[in-house]
Amino acid sequence: MIQIVNNLLNMIEILKMAEWIDRYNEGDLSTIEHRQFSEMISRHPVLRAEVKLDQEIIRMIEDEDVLELVQKLEKIRKSPEKSMHGYSFLMLAASILALTTIGLFTLLFIHTRDEPYSMMARDEKPVPARPVSSGKTLLYLDLSKTTKRISPPACREMAKNRQLIARYQPLPELELLIGSSIRADAFHLFSPKPRLSLPGGSTILFQWDPVPEISNCSLEIIDNTGKVLSTIFLPNGDRFVLDTDYLGKGLIYWKLIMDEEIISLGSVTLM
Amino acid sequence: MALNSSDDTIIKGLREKESSSIKILYKEYFPLIRSIVQRNSGNFQDAEDVFQDGLIVLFRRVQVPSFTLQCSLKTYFYAVCKNIWLQRLERKYRLLYQADLEVHEDMEAYSADSNNLKEKNLEKMRLYQHHFLSLPQDCQSLLTLFFRKIPLKEISVILGLKDEAYTKTRKYLCKNMLRRKIFNDPNCQQFIEYD
């Protein structure tokens, strides 16, 4: 601690002295000041060394020609020509890297031309092509074949679109049953219409003629792959409102089942 | 011995501190200096230092109007640098220099007779120059102008400083910064003499 304080005091003393040294070496002291300071110099070796250093610094700064020469030499040393070997090596490494990158991109380009969806996200499973009914003719949409070159973001976008399209593809086995009704004499459904298009999140009103003897009535919601999404046991009465919020967008089928018998089937396209 | 035209051109250029001449000297002679230094306990940095000191010695020599070369410039410069390195080795490591250096021509062509060209002084000045050149540009300019004896008032106008008083303070701070840099450099300690 004492040592630190001493050093600090010494430093302050040196800083104070610096101004005196400056004035001494620049001939800025009065005669009395000069005499006093000269005495101090003769007594203190550290101060003497400082004064000498200062004189040498002045001499060095005054030698502008040499400083200019050194500056120019420094510039030449730092010029790129100096380390041409190093630069050549860097250039070679950069060239190899560039060629490798070009090669990789070329390979990727060839690969994407053959398989446009190969860059789909891992969790995006390609949806198999399914026959689409268009009136009485069944059409097959095969989206896996195309010769068009697709960039990776476009490829991802297309995959997303393809998934969306797949959600609207009809399920033939259910399509054939839409509109048909069993036990029409005993059960009459007013609403909804067998094929319906609604904005996503809409509500669907199921309304029928009240039939007292029919019991155990349920509504089955199925997606377009045939998967049952939910089964709702309908309350007694003549109506039920289905909220489609949870179903998202796509084509869904509904089955009205009574006593384990499908009495009505329809589809709703949620846009 | 007459100078060949190439040496003459280099010397003339060096007198004027022309970058082209310094560049030729560096490109042509530095590999030789590097070789001698590295073969004798030195490294690349040592070689660069020796080259710089040798260049300063040569620069001072060519300023003398009576300067004449008794050998080729390359031999002369080689001798200068070799001498510097010899003294440096002796001083730093107290090792005897192995006499396996290939002297191309007359070794007597150079002798460090002037006190100003003494190896120790050269090294000291190089360190000071290094620290000076590491100062902020405005400090370098201010100190250069000040020691050119240009009045403070004029310096403040040239450097766009507020007034004379501020210029004086700034000069003090710059010089002190340089002083501290030198004082704190361990390589400079050997040159600070507490006699």
# chains A, B, ... in the order shown; residues from 1 in each chain; ligands from 1
call {"tool": "interface_residues", "arguments": {"of": "chain A", "to": "chain B", "cutoff": "7 Å", "atoms": "only C-alpha atoms", "output": "PyMOL selection string"}}
result
chain A and resi 45-46+49+53+57+60-62+66-67+69+72-73+76
call {"tool": "write_last_selection", "arguments": {"atoms": "C-alpha atoms", "output": "short mmCIF file (atom, residue, chain, number, x, y, z; two decimals), in the first residue's frame"}}
result
data_model
loop_
_atom_site.label_atom_id
_atom_site.label_comp_id
_atom_site.auth_asym_id
_atom_site.auth_seq_id
_atom_site.Cartn_x
_atom_site.Cartn_y
_atom_site.Cartn_z
CA PRO A 45 19.12 11.51 -11.07
CA VAL A 46 15.52 10.66 -12.08
CA ALA A 49 17.16 11.38 -16.82
CA LEU A 53 15.01 12.13 -22.40
CA ILE A 57 12.77 13.68 -27.90
CA MET A 60 14.24 13.42 -32.69
CA ILE A 61 11.21 15.57 -33.55
CA GLU A 62 13.40 18.28 -34.96
CA VAL A 66 14.54 11.23 -40.79
CA LEU A 67 10.97 11.05 -39.55
CA LEU A 69 12.13 8.81 -44.31
CA LYS A 72 7.94 6.38 -46.12
CA LEU A 73 9.77 3.17 -45.29
CA ILE A 76 6.60 0.59 -48.28
#
call {"tool": "residues_around", "arguments": {"residues": "stretch 187-196 of chain A", "least_positions_apart": "6", "cutoff": "10 Å", "atoms": "only C-alpha atoms", "output": "VMD selection string"}}
result
chain A and resid 175 177 to 181 204 to 211 214 238 to 240 251 to 254 256 258 263 to 270
call {"tool": "write_last_selection", "arguments": {"atoms": "C-alpha atoms", "output": "short mmCIF file (atom, residue, chain, number, x, y, z; two decimals), in the first residue's frame"}}
result
data_model
loop_
_atom_site.label_atom_id
_atom_site.label_comp_id
_atom_site.auth_asym_id
_atom_site.auth_seq_id
_atom_site.Cartn_x
_atom_site.Cartn_y
_atom_site.Cartn_z
CA GLU A 175 -68.01 -38.01 -52.27
CA LEU A 177 -72.40 -40.74 -50.68
CA ILE A 178 -72.97 -37.00 -50.42
CA GLY A 179 -76.60 -36.08 -50.76
CA SER A 180 -77.89 -39.58 -50.24
CA SER A 181 -79.94 -40.18 -47.18
CA ILE A 204 -72.97 -24.52 -39.42
CA LEU A 205 -76.55 -24.98 -38.40
CA PHE A 206 -77.81 -28.54 -38.36
CA GLN A 207 -81.58 -28.53 -38.25
CA TRP A 208 -83.99 -31.38 -38.66
CA ASP A 209 -87.57 -32.31 -38.11
CA PRO A 210 -87.99 -33.33 -34.54
CA VAL A 211 -88.42 -37.12 -34.44
CA ILE A 214 -84.98 -41.42 -32.91
CA ASP A 238 -84.21 -30.20 -33.58
CA ARG A 239 -80.99 -28.27 -34.07
CA PHE A 240 -77.33 -28.12 -33.39
CA LEU A 251 -62.62 -29.90 -47.06
CA ILE A 252 -64.45 -31.66 -44.29
CA TYR A 253 -67.22 -34.22 -44.28
CA TRP A 254 -69.92 -34.65 -41.75
CA LEU A 256 -75.12 -37.74 -39.08
CA MET A 258 -78.40 -42.45 -35.54
CA ILE A 263 -78.58 -41.21 -42.07
CA SER A 264 -77.09 -38.23 -43.81
CA LEU A 265 -73.70 -37.17 -45.17
CA GLY A 266 -72.48 -33.92 -46.54
CA SER A 267 -69.38 -31.83 -47.12
CA VAL A 268 -68.33 -28.36 -46.18
CA THR A 269 -65.48 -26.53 -47.84
CA LEU A 270 -63.97 -24.15 -45.35
#
call {"tool": "closest_residue", "arguments": {"among": "B:Asn121, B:Gln45, B:Ser141, B:Gln190", "to": "B:Ile84", "atoms": "only C-alpha atoms"}}
result
B:Asn121
call {"tool": "closest_residue", "arguments": {"among": "A:Gly226, A:Lys249, A:Ile96, A:Glu56", "to": "A:Ser197", "atoms": "only C-alpha atoms"}}
result
A:Lys249
call {"tool": "select_by_dssp", "arguments": {"residues": "chain B", "states": "alpha helix (DSSP H)", "output": "count of residues only"}}
result
130
call {"tool": "closest_residue", "arguments": {"among": "B:Lys181, B:His131, B:Lys82, B:Lys12", "to": "B:Pro65", "atoms": "only C-alpha atoms"}}
result
B:Lys12
call {"tool": "residues_around", "arguments": {"residues": "B:Arg170", "least_positions_apart": "6", "cutoff": "10 Å", "atoms": "only C-alpha atoms", "output": "mmCIF file with C-alpha atoms, in the first residue's frame"}}
result
data_model
loop_
_atom_site.group_PDB
_atom_site.id
_atom_site.type_symbol
_atom_site.label_atom_id
_atom_site.label_comp_id
_atom_site.auth_asym_id
_atom_site.auth_seq_id
_atom_site.Cartn_x
_atom_site.Cartn_y
_atom_site.Cartn_z
ATOM 1 C CA ASP B 138 -2.708 16.080 -34.810
ATOM 2 C CA CYS B 139 -0.176 15.586 -32.041
ATOM 3 C CA LEU B 142 1.554 20.064 -33.521
ATOM 4 C CA LEU B 143 4.875 18.910 -32.109
ATOM 5 C CA LEU B 161 -7.245 24.926 -32.874
ATOM 6 C CA GLU B 164 -3.062 30.030 -28.481
ATOM 7 C CA ASN B 176 3.680 14.256 -22.259
#
